[in-house]
Amino acid sequence: MQRTFKSKTGIFTYILLLFTTIALFYSMWIKSVILLIIMLVINVLFVPSFIHTEYIFNNNILYVKSGYLPVIKIKLDTISEIISHPKITSLFTTNLMKRYALSGDQIILYYKDNRKIVISPYDKEGFINELIKHNSNVKVI
């Protein structure tokens, strides 16, 4: 059975979207083609992530999707640890390409060979419970 969790969206994400949209219209106002192209590219790349970031449980695999970023497939039995309330410093040490989170309220998943990914499901407790239902060996910290 498939279960989908949407990403929680933080205030910083809304501010970034608002800023880039205002900058896009401002670049049209001042007729700056270079700024217009830069803001258009940022908006085209950012908006799909803003709308379509989700985490899907299906057939013992967790699919992590976010806009144009590649879909990450994680076998649920390879997940060893969840840090549900990470320290700020541990979030900064995570590779930015492994961040599929739109909020500061994040969790870190550790899976095979000590790889990690940062996500931010809107329903953290429901997400953790669903993961434990599929893999009872997961250590929740």
# chains A, B, ... in the order shown; residues from 1 in each chain; ligands from 1

call {"tool": "residues_around", "arguments": {"residues": "Asn114 (chain A)", "least_positions_apart": "3", "cutoff": "10 Å", "atoms": "only C-alpha atoms", "output": "PDB file with N, CA, C and O atoms, in the first residue's frame"}}
result
ATOM      1  N   THR A  78      17.091  -0.737   4.867  1.00  0.00           N
ATOM      2  CA  THR A  78      18.457  -0.211   4.988  1.00  0.00           C
ATOM      3  C   THR A  78      18.532   1.015   5.895  1.00  0.00           C
ATOM      4  O   THR A  78      19.628   1.459   6.222  1.00  0.00           O
ATOM      5  N   ILE A  79      17.378   1.552   6.295  1.00  0.00           N
ATOM      6  CA  ILE A  79      17.377   2.724   7.175  1.00  0.00           C
ATOM      7  C   ILE A  79      17.689   2.253   8.588  1.00  0.00           C
ATOM      8  O   ILE A  79      17.008   1.395   9.142  1.00  0.00           O
ATOM      9  N   SER A  80      18.742   2.835   9.159  1.00  0.00           N
ATOM     10  CA  SER A  80      19.187   2.376  10.473  1.00  0.00           C
ATOM     11  C   SER A  80      18.835   3.339  11.597  1.00  0.00           C
ATOM     12  O   SER A  80      18.659   2.925  12.734  1.00  0.00           O
ATOM     13  N   GLU A  81      18.742   4.621  11.280  1.00  0.00           N
ATOM     14  CA  GLU A  81      18.578   5.607  12.354  1.00  0.00           C
ATOM     15  C   GLU A  81      17.824   6.827  11.847  1.00  0.00           C
ATOM     16  O   GLU A  81      17.982   7.245  10.707  1.00  0.00           O
ATOM     17  N   LEU A 109      17.636  11.055   8.074  1.00  0.00           N
ATOM     18  CA  LEU A 109      17.571   9.606   7.924  1.00  0.00           C
ATOM     19  C   LEU A 109      18.956   9.086   7.583  1.00  0.00           C
ATOM     20  O   LEU A 109      19.593   9.577   6.654  1.00  0.00           O
ATOM     21  N   TYR A 110      19.427   8.111   8.343  1.00  0.00           N
ATOM     22  CA  TYR A 110      20.677   7.425   8.024  1.00  0.00           C
ATOM     23  C   TYR A 110      20.316   6.077   7.419  1.00  0.00           C
ATOM     24  O   TYR A 110      19.504   5.347   7.976  1.00  0.00           O
ATOM     25  N   TYR A 111      20.914   5.785   6.279  1.00  0.00           N
ATOM     26  CA  TYR A 111      20.658   4.501   5.635  1.00  0.00           C
ATOM     27  C   TYR A 111      21.966   3.901   5.173  1.00  0.00           C
ATOM     28  O   TYR A 111      23.032   4.394   5.531  1.00  0.00           O
TER      29      TYR A 111
END

call {"tool": "residues_around", "arguments": {"residues": "Glu130 (chain A)", "least_positions_apart": "5", "cutoff": "9 Å", "atoms": "only C-alpha atoms", "output": "compact mmCIF listing (two decimals) with all heavy atoms, in the first residue's frame"}}
result
# COMPACT_ATOMS: atom_id res chain seq x y z
N ARG A 3 1.71 5.19 0.72
CA ARG A 3 1.36 6.28 1.63
C ARG A 3 2.28 7.45 1.33
O ARG A 3 3.50 7.29 1.21
CB ARG A 3 1.53 5.83 3.08
CG ARG A 3 1.22 6.92 4.08
CD ARG A 3 0.29 6.49 5.16
NE ARG A 3 -0.09 7.64 5.95
CZ ARG A 3 0.06 7.74 7.25
NH1 ARG A 3 0.55 6.73 7.93
NH2 ARG A 3 -0.30 8.83 7.90
N PHE A 57 5.97 6.12 0.66
CA PHE A 57 6.23 4.74 1.05
C PHE A 57 5.48 3.85 0.06
O PHE A 57 4.27 3.97 -0.07
CB PHE A 57 5.71 4.45 2.46
CG PHE A 57 6.51 5.10 3.55
CD1 PHE A 57 6.15 6.34 4.05
CD2 PHE A 57 7.61 4.46 4.08
CE1 PHE A 57 6.88 6.93 5.05
CE2 PHE A 57 8.34 5.04 5.10
CZ PHE A 57 7.98 6.28 5.58
N GLU A 125 5.47 12.70 13.12
CA GLU A 125 5.13 11.52 13.93
C GLU A 125 4.54 10.42 13.05
O GLU A 125 4.88 9.26 13.20
CB GLU A 125 4.18 11.90 15.06
CG GLU A 125 4.78 12.84 16.08
CD GLU A 125 6.02 12.25 16.75
OE1 GLU A 125 6.04 11.05 17.08
OE2 GLU A 125 6.99 13.01 16.93
N ASN A 135 9.96 -1.06 9.21
CA ASN A 135 11.29 -1.47 9.66
C ASN A 135 11.37 -1.23 11.17
O ASN A 135 11.69 -0.13 11.62
CB ASN A 135 12.36 -0.68 8.92
CG ASN A 135 13.77 -1.06 9.31
OD1 ASN A 135 13.98 -1.88 10.19
ND2 ASN A 135 14.75 -0.45 8.68

call {"tool": "select_by_dssp", "arguments": {"residues": "chain A", "states": "strand (DSSP E)", "output": "CSV table (one decimal) with C-alpha atoms, in the first residue's frame"}}
result
chain,number,residue,atom,x,y,z
A,3,ARG,CA,1.4,6.3,1.6
A,4,THR,CA,2.5,9.8,0.8
A,5,PHE,CA,3.7,12.5,3.1
A,6,LYS,CA,4.0,16.1,1.9
A,53,THR,CA,8.3,17.8,-2.4
A,54,GLU,CA,6.9,14.6,-1.0
A,55,TYR,CA,8.0,11.3,0.6
A,56,ILE,CA,6.3,8.2,-0.6
A,57,PHE,CA,6.2,4.7,1.0
A,58,ASN,CA,5.6,2.1,-1.6
A,61,ILE,CA,10.9,1.6,-0.7
A,62,LEU,CA,10.9,5.2,0.4
A,63,TYR,CA,10.7,7.5,-2.6
A,64,VAL,CA,11.9,11.1,-1.9
A,65,LYS,CA,10.8,13.5,-4.6
A,66,SER,CA,11.4,17.3,-5.0
A,72,ILE,CA,15.9,9.1,-4.3
A,73,LYS,CA,14.9,5.5,-3.7
A,74,ILE,CA,15.8,4.1,-0.2
A,75,LYS,CA,15.0,0.5,0.7
A,81,GLU,CA,18.6,5.6,12.4
A,82,ILE,CA,16.3,8.7,12.5
A,83,ILE,CA,17.3,11.9,14.2
A,99,ARG,CA,18.4,18.1,1.4
A,100,TYR,CA,14.9,17.4,0.4
A,107,ILE,CA,14.7,15.0,10.4
A,108,ILE,CA,17.8,13.1,9.3
A,109,LEU,CA,17.6,9.6,7.9
A,110,TYR,CA,20.7,7.4,8.0
A,111,TYR,CA,20.7,4.5,5.6
A,115,ARG,CA,24.6,7.8,4.1
A,116,LYS,CA,22.1,10.4,5.2
A,117,ILE,CA,19.3,12.6,3.8
A,118,VAL,CA,17.5,15.5,5.3
A,119,ILE,CA,13.7,15.7,4.9
A,139,LYS,CA,16.7,3.6,16.0
A,140,VAL,CA,14.8,6.8,16.7

call {"tool": "residues_around", "arguments": {"residues": "Phe12 (chain A)", "least_positions_apart": "3", "cutoff": "10 Å", "atoms": "only C-alpha atoms", "output": "list of chain:residue names"}}
result
A:Thr9, A:Ile15, A:Leu16, A:Leu17, A:Leu18, A:Leu102, A:Ser103, A:Gly104

call {"tool": "write_last_selection", "arguments": {"atoms": "all heavy atoms", "output": "short mmCIF file (atom, residue, chain, number, x, y, z; two decimals), in the first residue's frame"}}
result
data_model
loop_
_atom_site.label_atom_id
_atom_site.label_comp_id
_atom_site.auth_asym_id
_atom_site.auth_seq_id
_atom_site.Cartn_x
_atom_site.Cartn_y
_atom_site.Cartn_z
N THR A 9 6.50 23.24 4.86
CA THR A 9 7.11 24.41 4.25
C THR A 9 7.33 25.47 5.32
O THR A 9 6.38 25.88 5.98
CB THR A 9 6.21 24.96 3.13
OG1 THR A 9 5.91 23.90 2.22
CG2 THR A 9 6.90 26.06 2.38
N ILE A 15 9.52 33.25 2.17
CA ILE A 15 10.23 34.52 1.97
C ILE A 15 11.09 34.46 0.72
O ILE A 15 11.12 35.40 -0.07
CB ILE A 15 11.07 34.87 3.22
CG1 ILE A 15 10.14 35.22 4.39
CG2 ILE A 15 12.03 36.01 2.93
CD1 ILE A 15 10.85 35.34 5.72
N LEU A 16 11.79 33.34 0.51
CA LEU A 16 12.61 33.17 -0.68
C LEU A 16 11.77 33.21 -1.95
O LEU A 16 12.13 33.87 -2.94
CB LEU A 16 13.39 31.86 -0.60
CG LEU A 16 14.35 31.56 -1.74
CD1 LEU A 16 15.43 32.63 -1.82
CD2 LEU A 16 14.97 30.19 -1.55
N LEU A 17 10.63 32.54 -1.93
CA LEU A 17 9.73 32.56 -3.09
C LEU A 17 9.20 33.97 -3.35
O LEU A 17 9.18 34.43 -4.50
CB LEU A 17 8.58 31.58 -2.87
CG LEU A 17 7.58 31.48 -4.01
CD1 LEU A 17 8.24 30.91 -5.26
CD2 LEU A 17 6.41 30.59 -3.60
N LEU A 18 8.81 34.67 -2.31
CA LEU A 18 8.32 36.04 -2.45
C LEU A 18 9.42 36.96 -2.99
O LEU A 18 9.19 37.76 -3.91
CB LEU A 18 7.80 36.56 -1.10
CG LEU A 18 7.25 37.98 -1.09
CD1 LEU A 18 6.01 38.07 -1.97
CD2 LEU A 18 6.93 38.41 0.32
N LEU A 102 11.91 21.54 3.00
CA LEU A 102 11.53 22.93 2.76
C LEU A 102 11.28 23.69 4.06
O LEU A 102 10.78 24.80 4.03
CB LEU A 102 10.25 22.98 1.90
CG LEU A 102 10.33 22.36 0.53
CD1 LEU A 102 8.96 22.38 -0.14
CD2 LEU A 102 11.35 23.08 -0.33
N SER A 103 11.64 23.09 5.17
CA SER A 103 11.37 23.68 6.48
C SER A 103 12.57 23.49 7.39
O SER A 103 13.40 22.61 7.17
CB SER A 103 10.14 22.99 7.09
OG SER A 103 9.98 23.35 8.44
N GLY A 104 12.64 24.31 8.42
CA GLY A 104 13.68 24.15 9.43
C GLY A 104 13.37 23.00 10.38
O GLY A 104 14.24 22.52 11.09
#

call {"tool": "atom_distance", "arguments": {"atom1": "CA of Met39 (chain A)", "atom2": "CA of Leu24 (chain A)"}}
result
5.2 Å
